[in-house]
Structure formats: C-alpha cells, structure tokens
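All remarks here apply to the structure that follows.
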Amino acid sequence: MNSAEQAGSKAATLIEALPYIRSYRNQVVVVKIGGAALDDERLARIVAEDLALMALVGIRLVVVHGGGPQVSEAMTDAGLEPTFVGGLRVTDEKAMELVRRVLLGSINSALVSRLQSTGLNPVGLSGSDGGLLEAEQIGGPEGQDLGRVGGVVSVRPDLANSLLDDGYTPVIASIAPGMDGNPLNVNADAVAGAIAAALGATKLVFLTNVEGLYRDLGDSGSLVSELKLEELKAMVSDLSSGMRPKAEAAVTALASGVGKVHILDGRVEHALLLEVFTEEGIGTQVLP
Ligand SMILES: Nc1ncnc2c1ncn2[C@@H]1O[C@H](COP(=O)(O)OP(=O)(O)O)[C@@H](O)[C@H]1O
Ligand SMILES: [Mg+2]
C-alpha cells in the first residue's frame with residue numbers, strides 16, 4: 001500500500017465506525033474484564049484504550065472485574081490452597097480478607113489509574129458503595145458449604161446511573177455485602193450480568209481468555225460464533241469451570257432485556273474495538 005492508499009484505508013475504518021458510534025451514543029455497555037486483559041500489562045493498556053474510546057464517543061460504560069488468578073496467587077503465597085467447587089472459589093474468612101485486598105487494594109485501583117491515564121473519569125466501587133449490590137450466601141451445586149461466597153440478590157442502580165449522568169465510568173469489583181452486611185465473594189460474571197440487567201444495557205461483553213464459547217471445549221473447531229438465548233439455556237448445565245457463570249449471567253441479562261451478549265478473546269489486541277465499532281464478527285455473540 002502506498003501512503004495515499006494507507007490514508008484512505010484509515011479513513012475508511014473511521015467512517016465504518018460512524019453508524020456504530022451513532023447507535024451506541026448514550027447506550028449502556030457493560031464490560032467484564034477477566035483473563036489476560038487483567039494480568040498482561042500490554043494487553044491491559046490496550047483494553048484501557050479501547051474502553052476510553054468507547055466512553056469518549058458517548059457510550060455509558062460500566063466496567064466490572066474479578067481477579068481469580070491474582071486471588072489464587074495471593075492465597076498460595078499466604079499458605080492457603082485455592083479450592084473450587086462448580087467453578088466457585090471456596091472462601092473462608094482468611095480467603096475473604098485476601099479477596100478484598102487483591103480486588104480492591106490492587107486490581108480495582110490499578111484499573112482505575114490506568115483508565116484515568118487514558119482520559120476517562122473512572123470511579124472505583126465495590127457492591128457496598130451506595131448500596132449498589134445486595135448478595136446472599138450460596139452453596140455449591142450439591143449444597144456444599146463454600147464459606148463467604150455470594151450470589152447477587154438485588155441491584156440498586158442509582159449510584160451507577162448518577163455517575164454515568166455526570167460523565168464518570170464506574171469500575172466495579174465483584175464483592176458485595178451479604179444479608180449480615182459483611183462482604184461476600186461474588187463471581188464477577190454474575191455481577192456483570194446483574195448490573196447489565198439493572199441498568200438496561202444494550203450490550204454486555206465478557207473479555208476472557210478463550211476465543212469464545214466452544215460446543216466442545218476440547219475441539220477448537222467447535223467455536224460458536226452466534227447463538228440464541230434458548231440454545232444457550234440448553235447448554236448451561238453442560239458447561240464447566242469459568243464458562244458456566246458467564247453463560248448463566250448471559251441468560252440472566254438477555255432474559256431481562258439486555259440487547260446482546262458477547263464473549264470475546266481478551267488476548268486479541270483491540271478485540272473490544274473490533275466488536276463494537278466494526279462489522280467484524282469475533283468471538284461468540286448471544287442474541288435474545
Ligand atoms: N465450552 C466452553 N467454551 C469455552 N471455554 C470454556 C468452556 N467450558 C469451560 N471453559 C473454560 O472457561 C474459561 C474462562 O473462564 P475463566 O477462566 O473464569 O475466565 P475469566 O477470567 O474471563 O472469568 C476458559 O479458559 C475455559 O477453560
Ligand atoms: Mg471467571
């Protein structure tokens with residue numbers, strides 16, 4: 001390509017984004033950040049740029065994050081063994097303290113600084129702030145005691161809406177107060193799904209560390225590029241580990257009126273931008 005052609009192609013890319021920018025203006029988009037986009041410095045910076053562009057063209061952006069691998073590392077360092085039941089982390093009091101320290105003290109604040117440096121006005125929150133979330137203690141799939149693990153019971157969207165109205169980007173860590181007021185460890189996918197539903201989001205995006213949803217996890221040819229809510233519902237009980245809470249959250253969100261759910265590969269540079277602002281179909285999209 002000569003330089004005139006290059007310039008033309010750059011301009012074409014920007015023009016291609018126009019109808020998307022127009023249609024997403026003032027719409028709520030919830031992005032759950034997981035996997036590589038949290039722990040790889042370079043990818044984290046790229047994701048922050050994508051999020052900045054989204055918010056700066058007028059999308060009401062809400063960011064949700066967990067921090068599974070980082071919590072596991074902190075537990076191992078503290079001599080605790082990370083244990084999972086049905087994809088949920090068994091969380092005793094000591095582990096809960098580590099979850100708080102890692103999610104709020106480390107991941108949330110790092111994400112907030114990174115977004116701040118891209119020109120956004122991020123505000124770090126957990127489920128306790130402004131009564132955003134209420135959770136209740138839940139057990140494993142066969143009723144196992146998981147300790148301080150919670151499921152979202154209700155969302156009070158006032159604070160998030162006020163922040164969005166004033167041009168701030170809420171960055172929400174997946175910790176929520178239980179009925180006794182003490183914090184519970186809630187899966188971040190579940191938080192993202194509940195928030196998307198309560199805020200009437202147009203789109204819920206999961207940035208993760210796989211290409212998308214596979215029909216058969218062992219078979220890379222079985223990536224599903226598009227499916228309907230009913231098909232996903234039928235698949236949920238067969239899904240394992242980290243994909244299960246995503247599918248459950250997608251079902252909750254779509255059933256409550258969220259327009260579309262995407263599962264994208266956070267290891268792919270600018271996966272978010274490509275999904276939101278171009279015709280490129282990447283990852284898995286779930287339609288109502
Ligand atoms: N059918 C499936 N398709 C894709 N991934 C799956 C599937 N079943 C289980 N998984 C697992 O889910 C993981 C993603 O969830 P998780 O590790 O919790 O990431 P995140 O940090 O994004 O929440 C994948 O890395 C994969 O190992
Ligand atoms: Mg997960």
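Numbering starts fresh at 1 for the residues of each chain in the structure tokens, the chains themselves are lettered A, B, ... in the order given, and ligands are numbered from 1 as they appear.
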
Please return as JSON, numbers by chain the residues found within 9 Å of ligand 2, counting only C-alpha atoms and all ligand atoms. {"A": [34, 35, 66, 67, 68, 87, 88, 187, 188, 189, 208, 241, 242, 243, 244, 245, 246]}

Could the residues in this selection be saved with N, CA, C and O atoms as a CSV table (one decimal), in the first residue's frame?
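The resulting file, again.csv, is shown below:
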chain,number,residue,atom,x,y,z
A,34,GLY,N,-11.8,-10.0,32.4
A,34,GLY,CA,-11.2,-11.1,33.0
A,34,GLY,C,-9.9,-11.6,32.3
A,34,GLY,O,-9.5,-10.9,31.3
A,35,GLY,N,-9.4,-12.7,32.7
A,35,GLY,CA,-8.3,-13.3,31.9
A,35,GLY,C,-7.1,-12.5,31.7
A,35,GLY,O,-6.7,-11.6,32.6
A,66,GLY,N,-13.2,-9.2,38.1
A,66,GLY,CA,-12.9,-10.1,39.2
A,66,GLY,C,-11.4,-10.0,39.4
A,66,GLY,O,-10.8,-9.0,39.4
A,67,GLY,N,-10.8,-11.2,39.6
A,67,GLY,CA,-9.4,-11.3,39.7
A,67,GLY,C,-9.0,-12.7,40.2
A,67,GLY,O,-8.1,-12.8,41.1
A,68,GLY,N,-9.6,-13.7,39.6
A,68,GLY,CA,-9.4,-15.1,40.1
A,68,GLY,C,-7.9,-15.5,40.2
A,68,GLY,O,-7.5,-15.9,41.3
A,87,GLY,N,-16.8,-24.4,39.9
A,87,GLY,CA,-16.3,-23.1,39.3
A,87,GLY,C,-16.3,-22.0,40.4
A,87,GLY,O,-15.9,-20.8,40.1
A,88,LEU,N,-16.8,-22.2,41.6
A,88,LEU,CA,-16.8,-21.2,42.6
A,88,LEU,C,-15.7,-21.4,43.7
A,88,LEU,O,-15.5,-22.6,44.1
A,187,ASN,N,-19.0,-14.1,42.1
A,187,ASN,CA,-18.4,-14.3,40.8
A,187,ASN,C,-18.6,-13.0,39.9
A,187,ASN,O,-19.7,-12.5,39.9
A,188,ALA,N,-17.5,-12.5,39.3
A,188,ALA,CA,-17.6,-11.2,38.6
A,188,ALA,C,-18.5,-11.3,37.4
A,188,ALA,O,-19.2,-10.3,37.0
A,189,ASP,N,-18.7,-12.5,36.8
A,189,ASP,CA,-19.6,-12.6,35.6
A,189,ASP,C,-21.0,-12.4,36.1
A,189,ASP,O,-21.8,-11.7,35.4
A,208,THR,N,-12.4,-12.4,27.9
A,208,THR,CA,-11.9,-13.6,28.7
A,208,THR,C,-10.6,-14.1,28.0
A,208,THR,O,-10.0,-13.4,27.2
A,241,SER,N,-16.4,-25.1,34.7
A,241,SER,CA,-15.5,-24.1,35.2
A,241,SER,C,-16.0,-22.7,34.9
A,241,SER,O,-17.1,-22.3,35.0
A,242,GLY,N,-15.1,-21.8,34.3
A,242,GLY,CA,-15.3,-20.4,34.2
A,242,GLY,C,-16.4,-20.0,33.2
A,242,GLY,O,-16.9,-18.9,33.2
A,243,MET,N,-16.7,-20.9,32.3
A,243,MET,CA,-17.7,-20.6,31.2
A,243,MET,C,-19.1,-20.7,31.8
A,243,MET,O,-20.0,-20.0,31.3
A,244,ARG,N,-19.3,-21.5,32.8
A,244,ARG,CA,-20.7,-21.7,33.3
A,244,ARG,C,-21.2,-20.4,33.9
A,244,ARG,O,-22.3,-20.0,33.5
A,245,PRO,N,-20.5,-19.7,34.8
A,245,PRO,CA,-21.1,-18.4,35.3
A,245,PRO,C,-21.3,-17.4,34.2
A,245,PRO,O,-22.2,-16.6,34.3
A,246,LYS,N,-20.4,-17.4,33.2
A,246,LYS,CA,-20.7,-16.5,32.0
A,246,LYS,C,-22.0,-16.8,31.3
A,246,LYS,O,-22.7,-15.9,31.0

When you look at Ile195 of chain A with a cut-off of 9 Å (counting only C-alpha atoms), what residues show up, excluding the ones that are within fewer than 2 positions of it in the same chain? I need them as a list in words. Val30, Val62, Val64, Leu132, Leu133, Val155, Arg156, Pro157, Ala190, Val191, Ala192, Gly193, Ala197, Ala198, Leu199, Gly200, Ala201 and Ala253 of chain A

Output the selection as a compact mmCIF listing (two decimals), in the first residue's frame - C-alpha atoms for each residue.
# COMPACT_ATOMS: atom_id res chain seq x y z
CA VAL A 30 -21.16 -3.30 30.48
CA VAL A 62 -19.59 0.31 33.11
CA VAL A 64 -16.78 -4.97 36.10
CA LEU A 132 -25.15 -0.94 44.64
CA LEU A 133 -25.43 -4.68 45.28
CA VAL A 155 -29.01 -4.23 42.31
CA ARG A 156 -29.71 -0.62 43.20
CA PRO A 157 -28.58 1.21 40.07
CA ALA A 190 -22.69 -12.79 37.82
CA VAL A 191 -22.13 -9.21 38.96
CA ALA A 192 -21.73 -8.04 35.36
CA GLY A 193 -24.93 -9.85 34.29
CA ALA A 197 -29.84 -6.19 33.53
CA ALA A 198 -30.50 -3.49 36.13
CA LEU A 199 -29.05 -0.69 34.00
CA GLY A 200 -30.90 -1.80 30.86
CA ALA A 201 -27.64 -2.30 28.97
CA ALA A 253 -29.03 -10.43 31.22

A:Ile21, A:Leu14, A:Ile263, A:Leu61: which is nearest Gly212 of chain A, counting only C-alpha atoms?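 Of A:Ile21, A:Leu14, A:Ile263, A:Leu61, the one nearest Gly212 of chain A is A:Ile263, counting only C-alpha atoms.
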
Taking the chain letters and numbering used in this document, name the residues of segment 14-247 of chain A that DSSP puts in helix (DSSP H, G or I), as an MDAnalysis selection string. chainID A and resid 14:24 36:39 41:56 68:77 93:117 129:131 158:165 188:199 220:222 229:236 243:247

Contacts of segment 54-56 of chain A within 12 Å, only C-alpha atoms, excl. fewer than 3 positions in-chain, as a PyMOL selection string: chain A and resi 17+20-22+24-31+47-51+59-63+115-116+118-122+164+167-170+270+272-277

Give me, as a ChimeraX atom specification, all polymer residues having an atom no more than 9 Å from Pro177 of chain A, counting only C-alpha atoms and skipping those fewer than 3 positions away in the same chain. /A:127-128,131,133-136,150,180-185

My list of candidates is A:Leu18, A:Val149, A:Leu239, A:Ile107. Which is closest to ligand 1 when distances are computed with only C-alpha atoms and all ligand atoms?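 Between A:Leu18, A:Val149, A:Leu239, A:Ile107, the residue approaching ligand 1 most closely is A:Leu239.
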
Would you compute the distance between atom CA of Val251 of chain A and atom CA of Val71 of chain A? Give it in Å to one decimal.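 Between atom CA of Val251 of chain A and atom CA of Val71 of chain A the gap is 26.6 Å.
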